[in-house]
$ cat protein03.csv   # CSV, N, CA and C atoms
chain,number,residue,atom,x,y,z
L,1,MET,N,95.3,-10.6,36.4
L,1,MET,CA,94.3,-11.0,37.3
L,1,MET,C,93.9,-12.4,37.0
L,2,THR,N,93.7,-13.2,38.0
L,2,THR,CA,93.4,-14.6,37.9
L,2,THR,C,92.0,-14.8,37.5
L,3,VAL,N,91.7,-16.0,37.0
L,3,VAL,CA,90.3,-16.3,36.7
L,3,VAL,C,89.5,-16.4,37.9
L,4,ARG,N,90.1,-16.9,39.0
L,4,ARG,CA,89.4,-17.0,40.3
L,4,ARG,C,88.9,-15.6,40.8
L,5,SER,N,89.8,-14.7,40.7
L,5,SER,CA,89.5,-13.3,41.1
L,5,SER,C,88.4,-12.7,40.3
L,6,ARG,N,88.5,-12.9,39.0
L,6,ARG,CA,87.4,-12.4,38.1
L,6,ARG,C,86.1,-13.0,38.4
L,7,LEU,N,86.2,-14.3,38.6
L,7,LEU,CA,84.9,-15.1,38.9
L,7,LEU,C,84.4,-14.6,40.3
L,8,SER,N,85.2,-14.4,41.2
L,8,SER,CA,84.8,-13.9,42.5
L,8,SER,C,84.1,-12.5,42.4
L,9,THR,N,84.7,-11.6,41.6
L,9,THR,CA,84.1,-10.3,41.4
L,9,THR,C,82.8,-10.4,40.7
L,10,GLY,N,82.7,-11.3,39.7
L,10,GLY,CA,81.5,-11.5,39.0
L,10,GLY,C,80.4,-12.1,39.8
L,11,VAL,N,80.7,-13.0,40.7
L,11,VAL,CA,79.7,-13.7,41.6
L,11,VAL,C,79.2,-12.6,42.6
L,12,VAL,N,80.1,-11.9,43.2
L,12,VAL,CA,79.6,-10.9,44.1
L,12,VAL,C,78.7,-9.8,43.4
L,13,ALA,N,79.1,-9.4,42.2
L,13,ALA,CA,78.3,-8.5,41.5
L,13,ALA,C,76.9,-9.1,41.2
L,14,ALA,N,76.9,-10.3,40.8
L,14,ALA,CA,75.6,-11.0,40.6
L,14,ALA,C,74.8,-11.1,41.8
L,15,LEU,N,75.4,-11.3,43.0
L,15,LEU,CA,74.7,-11.3,44.2
L,15,LEU,C,74.1,-10.0,44.5
L,16,LEU,N,74.8,-8.9,44.2
L,16,LEU,CA,74.3,-7.6,44.4
L,16,LEU,C,73.1,-7.3,43.6
L,17,VAL,N,73.2,-7.8,42.3
L,17,VAL,CA,72.0,-7.7,41.4
L,17,VAL,C,70.8,-8.5,42.0
L,18,ALA,N,71.1,-9.7,42.4
L,18,ALA,CA,70.0,-10.5,43.0
L,18,ALA,C,69.4,-9.9,44.2
L,19,ALA,N,70.2,-9.3,45.1
L,19,ALA,CA,69.7,-8.6,46.3
L,19,ALA,C,68.8,-7.5,45.9
L,20,THR,N,69.2,-6.8,44.9
L,20,THR,CA,68.4,-5.7,44.4
L,20,THR,C,67.1,-6.1,43.7
L,21,LEU,N,67.2,-7.2,43.0
L,21,LEU,CA,66.0,-7.7,42.3
L,21,LEU,C,65.0,-8.3,43.3
L,22,THR,N,65.4,-9.0,44.2
L,22,THR,CA,64.5,-9.7,45.2
L,22,THR,C,63.8,-8.6,46.0
L,23,ALA,N,64.4,-7.5,46.1
L,23,ALA,CA,63.8,-6.4,46.9
L,23,ALA,C,62.5,-5.9,46.3
L,24,CYS,N,62.3,-6.1,45.1
L,24,CYS,CA,61.1,-5.6,44.4
L,24,CYS,C,60.0,-6.6,44.5
L,25,SER,N,60.2,-7.8,44.9
L,25,SER,CA,59.1,-8.8,45.0
L,25,SER,C,58.5,-8.7,46.4
L,26,GLY,N,57.2,-9.1,46.4
L,26,GLY,CA,56.5,-9.2,47.7
L,26,GLY,C,55.6,-8.0,47.9
L,27,PRO,N,54.7,-8.1,48.9
L,27,PRO,CA,53.7,-7.1,49.0
L,27,PRO,C,54.2,-5.7,49.5
L,28,SER,N,55.1,-5.7,50.4
L,28,SER,CA,55.7,-4.4,50.9
L,28,SER,C,57.1,-4.3,50.5
L,29,PRO,N,57.4,-3.7,49.4
L,29,PRO,CA,58.8,-3.7,49.0
L,29,PRO,C,59.7,-2.9,49.9
L,30,ASP,N,60.9,-3.5,50.1
L,30,ASP,CA,61.9,-2.8,50.9
L,30,ASP,C,62.7,-1.8,50.1
L,31,LEU,N,62.4,-1.7,48.8
L,31,LEU,CA,63.1,-0.9,47.9
L,31,LEU,C,62.2,-0.4,46.9
L,32,ALA,N,62.1,0.9,46.7
L,32,ALA,CA,61.2,1.5,45.7
L,32,ALA,C,61.7,1.1,44.3
L,33,THR,N,60.7,0.8,43.4
L,33,THR,CA,61.0,0.3,42.1
L,33,THR,C,62.0,1.3,41.3
L,34,PRO,N,61.7,2.6,41.3
L,34,PRO,CA,62.7,3.4,40.6
L,34,PRO,C,64.1,3.3,41.2
L,35,THR,N,64.2,3.2,42.5
L,35,THR,CA,65.5,3.1,43.1
L,35,THR,C,66.2,1.8,42.7
L,36,ALA,N,65.4,0.7,42.7
L,36,ALA,CA,65.9,-0.6,42.3
L,36,ALA,C,66.4,-0.6,40.9
L,37,ASP,N,65.7,0.1,40.0
L,37,ASP,CA,66.1,0.2,38.6
L,37,ASP,C,67.4,0.9,38.5
L,38,LYS,N,67.5,2.0,39.3
L,38,LYS,CA,68.8,2.8,39.2
L,38,LYS,C,70.0,2.0,39.8
L,39,LEU,N,69.8,1.3,40.9
L,39,LEU,CA,70.8,0.5,41.5
L,39,LEU,C,71.2,-0.6,40.5
L,40,GLN,N,70.2,-1.3,39.9
L,40,GLN,CA,70.5,-2.4,39.0
L,40,GLN,C,71.3,-1.9,37.8
L,41,SER,N,71.0,-0.7,37.3
L,41,SER,CA,71.7,-0.1,36.2
L,41,SER,C,73.2,0.2,36.6
L,42,GLY,N,73.3,0.7,37.8
L,42,GLY,CA,74.7,0.9,38.3
L,42,GLY,C,75.5,-0.4,38.5
L,43,VAL,N,74.8,-1.4,39.0
L,43,VAL,CA,75.5,-2.7,39.2
L,43,VAL,C,75.9,-3.3,37.8
L,44,LEU,N,75.1,-3.1,36.8
L,44,LEU,CA,75.4,-3.6,35.5
L,44,LEU,C,76.7,-2.9,35.0
L,45,GLY,N,76.8,-1.6,35.2
L,45,GLY,CA,78.0,-0.9,34.9
L,45,GLY,C,79.2,-1.4,35.6
L,46,VAL,N,79.1,-1.8,36.9
L,46,VAL,CA,80.2,-2.4,37.6
L,46,VAL,C,80.6,-3.7,37.0
L,47,SER,N,79.6,-4.6,36.8
L,47,SER,CA,80.0,-5.9,36.3
L,47,SER,C,80.5,-5.9,34.8
L,48,THR,N,80.0,-4.9,34.0
L,48,THR,CA,80.5,-4.8,32.6
L,48,THR,C,82.0,-4.3,32.7
L,49,ALA,N,82.2,-3.3,33.5
L,49,ALA,CA,83.6,-2.8,33.5
L,49,ALA,C,84.6,-3.9,34.1
L,50,ALA,N,84.1,-4.6,35.1
L,50,ALA,CA,85.0,-5.6,35.7
L,50,ALA,C,85.2,-6.8,34.7
L,51,ALA,N,84.2,-7.2,34.0
L,51,ALA,CA,84.4,-8.2,33.0
L,51,ALA,C,85.3,-7.8,31.9
L,52,ALA,N,85.4,-6.5,31.6
L,52,ALA,CA,86.3,-6.1,30.6
L,52,ALA,C,87.7,-5.8,31.1
L,53,GLY,N,87.9,-6.0,32.4
L,53,GLY,CA,89.2,-5.8,33.0
L,53,GLY,C,89.5,-4.4,33.4
L,54,ASP,N,88.4,-3.5,33.3
L,54,ASP,CA,88.6,-2.1,33.7
L,54,ASP,C,88.2,-2.0,35.2
L,55,PHE,N,89.1,-2.4,36.0
L,55,PHE,CA,88.8,-2.4,37.5
L,55,PHE,C,88.7,-1.1,38.1
L,56,SER,N,89.4,-0.1,37.6
L,56,SER,CA,89.3,1.3,38.1
L,56,SER,C,87.9,1.8,37.7
L,57,GLY,N,87.5,1.5,36.5
L,57,GLY,CA,86.1,1.9,36.0
L,57,GLY,C,85.0,1.3,36.8
L,58,ALA,N,85.3,0.0,37.1
L,58,ALA,CA,84.3,-0.7,38.0
L,58,ALA,C,84.2,-0.2,39.4
L,59,GLN,N,85.4,0.2,39.9
L,59,GLN,CA,85.4,0.8,41.2
L,59,GLN,C,84.7,2.2,41.2
L,60,SER,N,84.9,2.9,40.2
L,60,SER,CA,84.2,4.2,40.1
L,60,SER,C,82.7,4.0,40.0
L,61,ALA,N,82.2,3.0,39.2
L,61,ALA,CA,80.8,2.7,39.1
L,61,ALA,C,80.3,2.2,40.4
L,62,LEU,N,81.0,1.5,41.1
L,62,LEU,CA,80.6,1.0,42.4
L,62,LEU,C,80.4,2.1,43.4
L,63,THR,N,81.3,3.1,43.4
L,63,THR,CA,81.2,4.2,44.2
L,63,THR,C,79.9,5.0,43.9
L,64,ALA,N,79.6,5.1,42.7
L,64,ALA,CA,78.3,5.7,42.3
L,64,ALA,C,77.1,4.9,42.8
L,65,VAL,N,77.2,3.6,42.7
L,65,VAL,CA,76.1,2.8,43.3
L,65,VAL,C,75.9,3.0,44.8
L,66,GLN,N,77.0,3.1,45.5
L,66,GLN,CA,77.0,3.3,46.9
L,66,GLN,C,76.4,4.7,47.2
L,67,ALA,N,76.8,5.7,46.4
L,67,ALA,CA,76.2,7.0,46.6
L,67,ALA,C,74.7,7.0,46.4
L,68,ASP,N,74.3,6.3,45.3
L,68,ASP,CA,72.8,6.2,45.1
L,68,ASP,C,72.1,5.5,46.2
L,69,LEU,N,72.7,4.4,46.8
L,69,LEU,CA,72.1,3.7,47.9
L,69,LEU,C,72.0,4.6,49.1
L,70,LEU,N,73.0,5.4,49.4
L,70,LEU,CA,73.0,6.3,50.6
L,70,LEU,C,71.9,7.4,50.4
L,71,THR,N,71.8,7.9,49.2
L,71,THR,CA,70.8,8.9,48.9
L,71,THR,C,69.4,8.3,49.0
L,72,ALA,N,69.2,7.1,48.5
L,72,ALA,CA,67.9,6.4,48.6
L,72,ALA,C,67.5,6.1,50.0
L,73,ALA,N,68.5,5.7,50.8
L,73,ALA,CA,68.2,5.4,52.2
L,73,ALA,C,67.8,6.6,52.9
L,74,ALA,N,68.5,7.7,52.7
L,74,ALA,CA,68.2,9.0,53.4
L,74,ALA,C,66.8,9.5,53.0
L,75,ALA,N,66.4,9.2,51.8
L,75,ALA,CA,65.0,9.6,51.3
L,75,ALA,C,63.9,8.6,51.7
L,76,GLY,N,64.3,7.5,52.3
L,76,GLY,CA,63.3,6.5,52.7
L,76,GLY,C,62.8,5.6,51.6
L,77,GLN,N,63.6,5.5,50.5
L,77,GLN,CA,63.3,4.7,49.4
L,77,GLN,C,63.8,3.3,49.5
L,78,VAL,N,64.5,3.0,50.5
L,78,VAL,CA,65.0,1.7,50.8
L,78,VAL,C,65.0,1.5,52.3
L,79,SER,N,64.6,0.3,52.8
L,79,SER,CA,64.5,0.0,54.2
L,79,SER,C,65.9,-0.1,54.8
L,80,ALA,N,66.1,0.1,56.0
L,80,ALA,CA,67.4,-0.1,56.7
L,80,ALA,C,67.9,-1.5,56.5
L,81,ALA,N,67.1,-2.5,56.6
L,81,ALA,CA,67.6,-3.9,56.5
L,81,ALA,C,68.1,-4.1,55.0
L,82,ARG,N,67.3,-3.7,54.1
L,82,ARG,CA,67.7,-3.9,52.7
L,82,ARG,C,69.0,-3.1,52.3
L,83,SER,N,69.0,-1.9,52.9
L,83,SER,CA,70.2,-1.0,52.7
L,83,SER,C,71.5,-1.7,53.2
L,84,ALA,N,71.3,-2.3,54.4
L,84,ALA,CA,72.5,-3.0,55.0
L,84,ALA,C,72.9,-4.2,54.2
L,85,GLU,N,71.9,-5.0,53.6
L,85,GLU,CA,72.3,-6.1,52.8
L,85,GLU,C,73.0,-5.7,51.5
L,86,ILE,N,72.5,-4.6,50.9
L,86,ILE,CA,73.1,-4.1,49.7
L,86,ILE,C,74.5,-3.6,50.0
L,87,GLN,N,74.6,-2.9,51.1
L,87,GLN,CA,75.9,-2.3,51.5
L,87,GLN,C,76.9,-3.4,51.8
L,88,ALA,N,76.5,-4.5,52.4
L,88,ALA,CA,77.4,-5.6,52.6
L,88,ALA,C,77.9,-6.2,51.3
L,89,ALA,N,77.0,-6.3,50.3
L,89,ALA,CA,77.5,-6.8,49.0
L,89,ALA,C,78.4,-5.8,48.3
L,90,ILE,N,78.2,-4.5,48.5
L,90,ILE,CA,79.1,-3.5,48.0
L,90,ILE,C,80.4,-3.6,48.6
L,91,ASN,N,80.5,-3.8,49.9
L,91,ASN,CA,81.7,-3.9,50.6
L,91,ASN,C,82.5,-5.1,50.1
L,92,LEU,N,81.9,-6.2,49.8
L,92,LEU,CA,82.6,-7.4,49.2
L,92,LEU,C,83.1,-7.1,47.9
L,93,VAL,N,82.3,-6.5,47.0
L,93,VAL,CA,82.8,-6.1,45.7
L,93,VAL,C,84.0,-5.1,45.8
L,94,THR,N,83.9,-4.2,46.7
L,94,THR,CA,84.9,-3.2,46.8
L,94,THR,C,86.3,-3.9,47.2
L,95,GLY,N,86.2,-4.9,48.1
L,95,GLY,CA,87.4,-5.6,48.4
L,95,GLY,C,88.0,-6.4,47.3
L,96,ASP,N,87.1,-7.0,46.5
L,96,ASP,CA,87.5,-7.8,45.3
L,96,ASP,C,88.1,-6.9,44.3
L,97,LEU,N,87.5,-5.7,44.1
L,97,LEU,CA,88.1,-4.8,43.1
L,97,LEU,C,89.4,-4.3,43.5
L,98,ALA,N,89.6,-4.0,44.8
L,98,ALA,CA,90.9,-3.5,45.3
L,98,ALA,C,91.9,-4.6,45.1
L,99,ASP,N,91.6,-5.8,45.3
L,99,ASP,CA,92.5,-6.9,45.1
L,99,ASP,C,92.8,-7.1,43.6
L,100,ALA,N,91.8,-7.0,42.8
L,100,ALA,CA,92.0,-7.1,41.3
L,100,ALA,C,92.9,-6.0,40.8
L,101,ILE,N,92.7,-4.7,41.3
L,101,ILE,CA,93.5,-3.6,40.9
L,101,ILE,C,95.0,-3.8,41.3
L,102,GLU,N,95.2,-4.3,42.5
L,102,GLU,CA,96.5,-4.5,43.0
L,102,GLU,C,97.2,-5.6,42.2
L,103,THR,N,96.5,-6.7,41.8
L,103,THR,CA,97.2,-7.8,41.1
L,103,THR,C,97.3,-7.5,39.6
L,104,SER,N,96.6,-6.5,39.1
L,104,SER,CA,96.7,-6.2,37.7
L,104,SER,C,97.8,-5.2,37.4
L,105,ARG,N,98.3,-4.6,38.5
L,105,ARG,CA,99.4,-3.6,38.3
L,105,ARG,C,100.7,-4.4,37.9
L,106,PRO,N,101.4,-3.9,36.9
L,106,PRO,CA,102.7,-4.6,36.5
L,106,PRO,C,103.7,-4.3,37.6
L,107,THR,N,104.6,-5.2,37.8
L,107,THR,CA,105.7,-5.1,38.7
L,107,THR,C,106.8,-4.3,38.0
L,108,PRO,N,107.2,-3.1,38.6
L,108,PRO,CA,108.2,-2.3,37.9
L,108,PRO,C,109.6,-3.0,38.0
L,109,THR,N,110.3,-2.9,36.9
L,109,THR,CA,111.7,-3.5,36.9
L,109,THR,C,112.6,-2.3,36.8
L,110,PRO,N,113.6,-2.3,37.7
L,110,PRO,CA,114.6,-1.2,37.7
L,110,PRO,C,115.5,-1.3,36.5
L,111,THR,N,115.8,-0.1,36.0
L,111,THR,CA,116.6,0.0,34.8
L,111,THR,C,117.9,0.8,35.2
L,112,PRO,N,119.0,0.3,34.8
L,112,PRO,CA,120.3,1.0,35.2
L,112,PRO,C,120.3,2.4,34.5
L,113,THR,N,120.9,3.3,35.2
L,113,THR,CA,121.1,4.7,34.6
L,113,THR,C,122.3,4.6,33.6
L,114,GLU,N,122.1,5.3,32.5
L,114,GLU,CA,123.1,5.3,31.4
L,114,GLU,C,124.4,5.9,31.9
L,115,GLY,N,125.5,5.2,31.6
L,115,GLY,CA,126.8,5.7,32.0
L,115,GLY,C,127.3,5.2,33.3
L,116,GLN,N,126.4,4.7,34.1
L,116,GLN,CA,126.8,4.2,35.4
L,116,GLN,C,126.6,2.6,35.4
L,117,SER,N,127.5,2.0,36.0
L,117,SER,CA,127.4,0.6,36.1
L,117,SER,C,127.7,0.3,37.6
L,118,PRO,N,126.9,-0.6,38.2
L,118,PRO,CA,127.2,-0.9,39.6
L,118,PRO,C,128.5,-1.6,39.8
L,119,SER,N,129.2,-1.2,40.8
L,119,SER,CA,130.5,-1.7,41.1
L,119,SER,C,130.3,-3.1,41.8
L,120,VAL,N,131.1,-4.0,41.3
L,120,VAL,CA,131.0,-5.4,41.9
L,120,VAL,C,132.3,-5.8,42.6
L,121,ASP,N,132.1,-6.3,43.8
L,121,ASP,CA,133.3,-6.7,44.5
L,121,ASP,C,133.7,-8.1,44.1
L,122,LYS,N,134.8,-8.2,43.5
L,122,LYS,CA,135.3,-9.5,43.0
L,122,LYS,C,135.8,-10.4,44.1
L,123,GLY,N,135.8,-10.0,45.3
L,123,GLY,CA,136.3,-10.8,46.4
L,123,GLY,C,137.8,-10.7,46.6
L,124,GLY,N,138.6,-10.3,45.6
L,124,GLY,CA,140.0,-10.2,45.8
L,124,GLY,C,140.5,-8.9,46.3
L,125,ASN,N,139.6,-7.9,46.5
L,125,ASN,CA,140.0,-6.6,47.0
L,125,ASN,C,140.3,-6.6,48.5
L,126,LYS,N,141.2,-5.7,48.9
L,126,LYS,CA,141.5,-5.6,50.3
L,126,LYS,C,140.6,-4.8,51.1
L,127,ASP,N,139.6,-4.2,50.5
L,127,ASP,CA,138.7,-3.3,51.2
L,127,ASP,C,137.6,-4.0,52.0
L,128,ASN,N,137.5,-5.4,51.9
L,128,ASN,CA,136.5,-6.2,52.6
L,128,ASN,C,135.1,-5.7,52.3
L,129,GLY,N,134.8,-5.3,51.1
L,129,GLY,CA,133.5,-4.9,50.7
L,129,GLY,C,133.0,-3.5,51.1
L,130,LYS,N,134.0,-2.7,51.7
L,130,LYS,CA,133.6,-1.4,52.1
L,130,LYS,C,133.5,-0.5,50.9
L,131,CYS,N,132.7,0.5,51.1
L,131,CYS,CA,132.4,1.5,50.1
L,131,CYS,C,133.6,2.4,49.8
L,132,LYS,N,133.9,2.6,48.5
L,132,LYS,CA,135.0,3.4,48.1
L,132,LYS,C,134.5,4.8,47.7
L,133,LYS,N,135.3,5.8,47.6
L,133,LYS,CA,134.9,7.1,47.2
L,133,LYS,C,134.3,7.1,45.8
L,134,LYS,N,134.8,6.2,44.9
L,134,LYS,CA,134.3,6.2,43.5
L,134,LYS,C,132.9,5.6,43.5
L,135,ASP,N,132.5,4.9,44.5
L,135,ASP,CA,131.2,4.2,44.5
L,135,ASP,C,130.2,5.2,45.1
L,136,ASP,N,128.9,5.1,44.7
L,136,ASP,CA,127.9,5.9,45.3
L,136,ASP,C,127.2,5.0,46.3
L,137,CYS,N,127.5,5.1,47.5
L,137,CYS,CA,127.0,4.1,48.6
L,137,CYS,C,125.8,4.7,49.3
L,138,GLY,N,125.4,5.9,49.0
L,138,GLY,CA,124.3,6.5,49.7
L,138,GLY,C,124.6,7.0,51.1
L,139,ASP,N,125.8,7.2,51.4
L,139,ASP,CA,126.2,7.8,52.7
L,139,ASP,C,126.1,9.3,52.7

$ encode --input "protein03.csv" --output "structure tokens"
Amino acid sequence: MTVRSRLSTGVVAALLVAATLTACSGPSPDLATPTADKLQSGVLGVSTAAAAGDFSGAQSALTAVQADLLTAAAAGQVSAARSAEIQAAINLVTGDLADAIETSRPTPTPTPTEGQSPSVDKGGNKDNGKCKKKDDCGD
């Protein structure tokens, strides 16, 4: 995973935390304090796992944050506008984590099967590169 990708994931996670934190300020909160605390705790789990390179763990934690958000929205503990803002941040982090998971996967290298060696056409054969019975050509 590149530094840029980690930075991007960290920044989006921080934005998600900021969106949750600012929801608690002001006279009429868009987000109930216990709900904000729960979401903040979940976001901390996401960012901690991502910073450690555990992108699958971060993705699981983010799924839990999204479930908490949906539950809170259904219970009226978060306004529709605030829920949409937080969901937009979750969507960004989800995309970054998917990219991070994809880039962190090692590229498999094929290994030859023991006892078999690929047949190589030396160019001097009269078969013009056609498959012979001794070759496994997949036909």

$ closest_residue --input "protein03.csv" --among "L:Ala64, L:Gly57, L:Gly42, L:Leu69" --to "Glu85 of chain L" --atoms "only C-alpha atoms"
L:Leu69

$ atom_distance --input "protein03.csv" --atom1 "atom CA of Thr35 of chain L" --atom2 "atom CA of Asp99 of chain L"
28.9 Å

$ atom_distance --input "protein03.csv" --atom1 "atom N of Ala52 of chain L" --atom2 "atom CA of Val93 of chain L"
14.3 Å

$ atom_distance --input "protein03.csv" --atom1 "atom N of Leu62 of chain L" --atom2 "atom N of Gln40 of chain L"
11.2 Å

$ residues_around --input "protein03.csv" --residues "Ala61 of chain L" --least-positions-apart "5" --cutoff "8 Å" --atoms "only N, CA and C atoms" --output "PyMOL selection string"
chain L and resi 42-43+45-47+55-56+66-67

$ closest_residue --input "protein03.csv" --among "L:Gln77, L:Asn91, L:Gly53, L:Val65" --to "Ser41 of chain L" --atoms "only N, CA and C atoms"
L:Val65
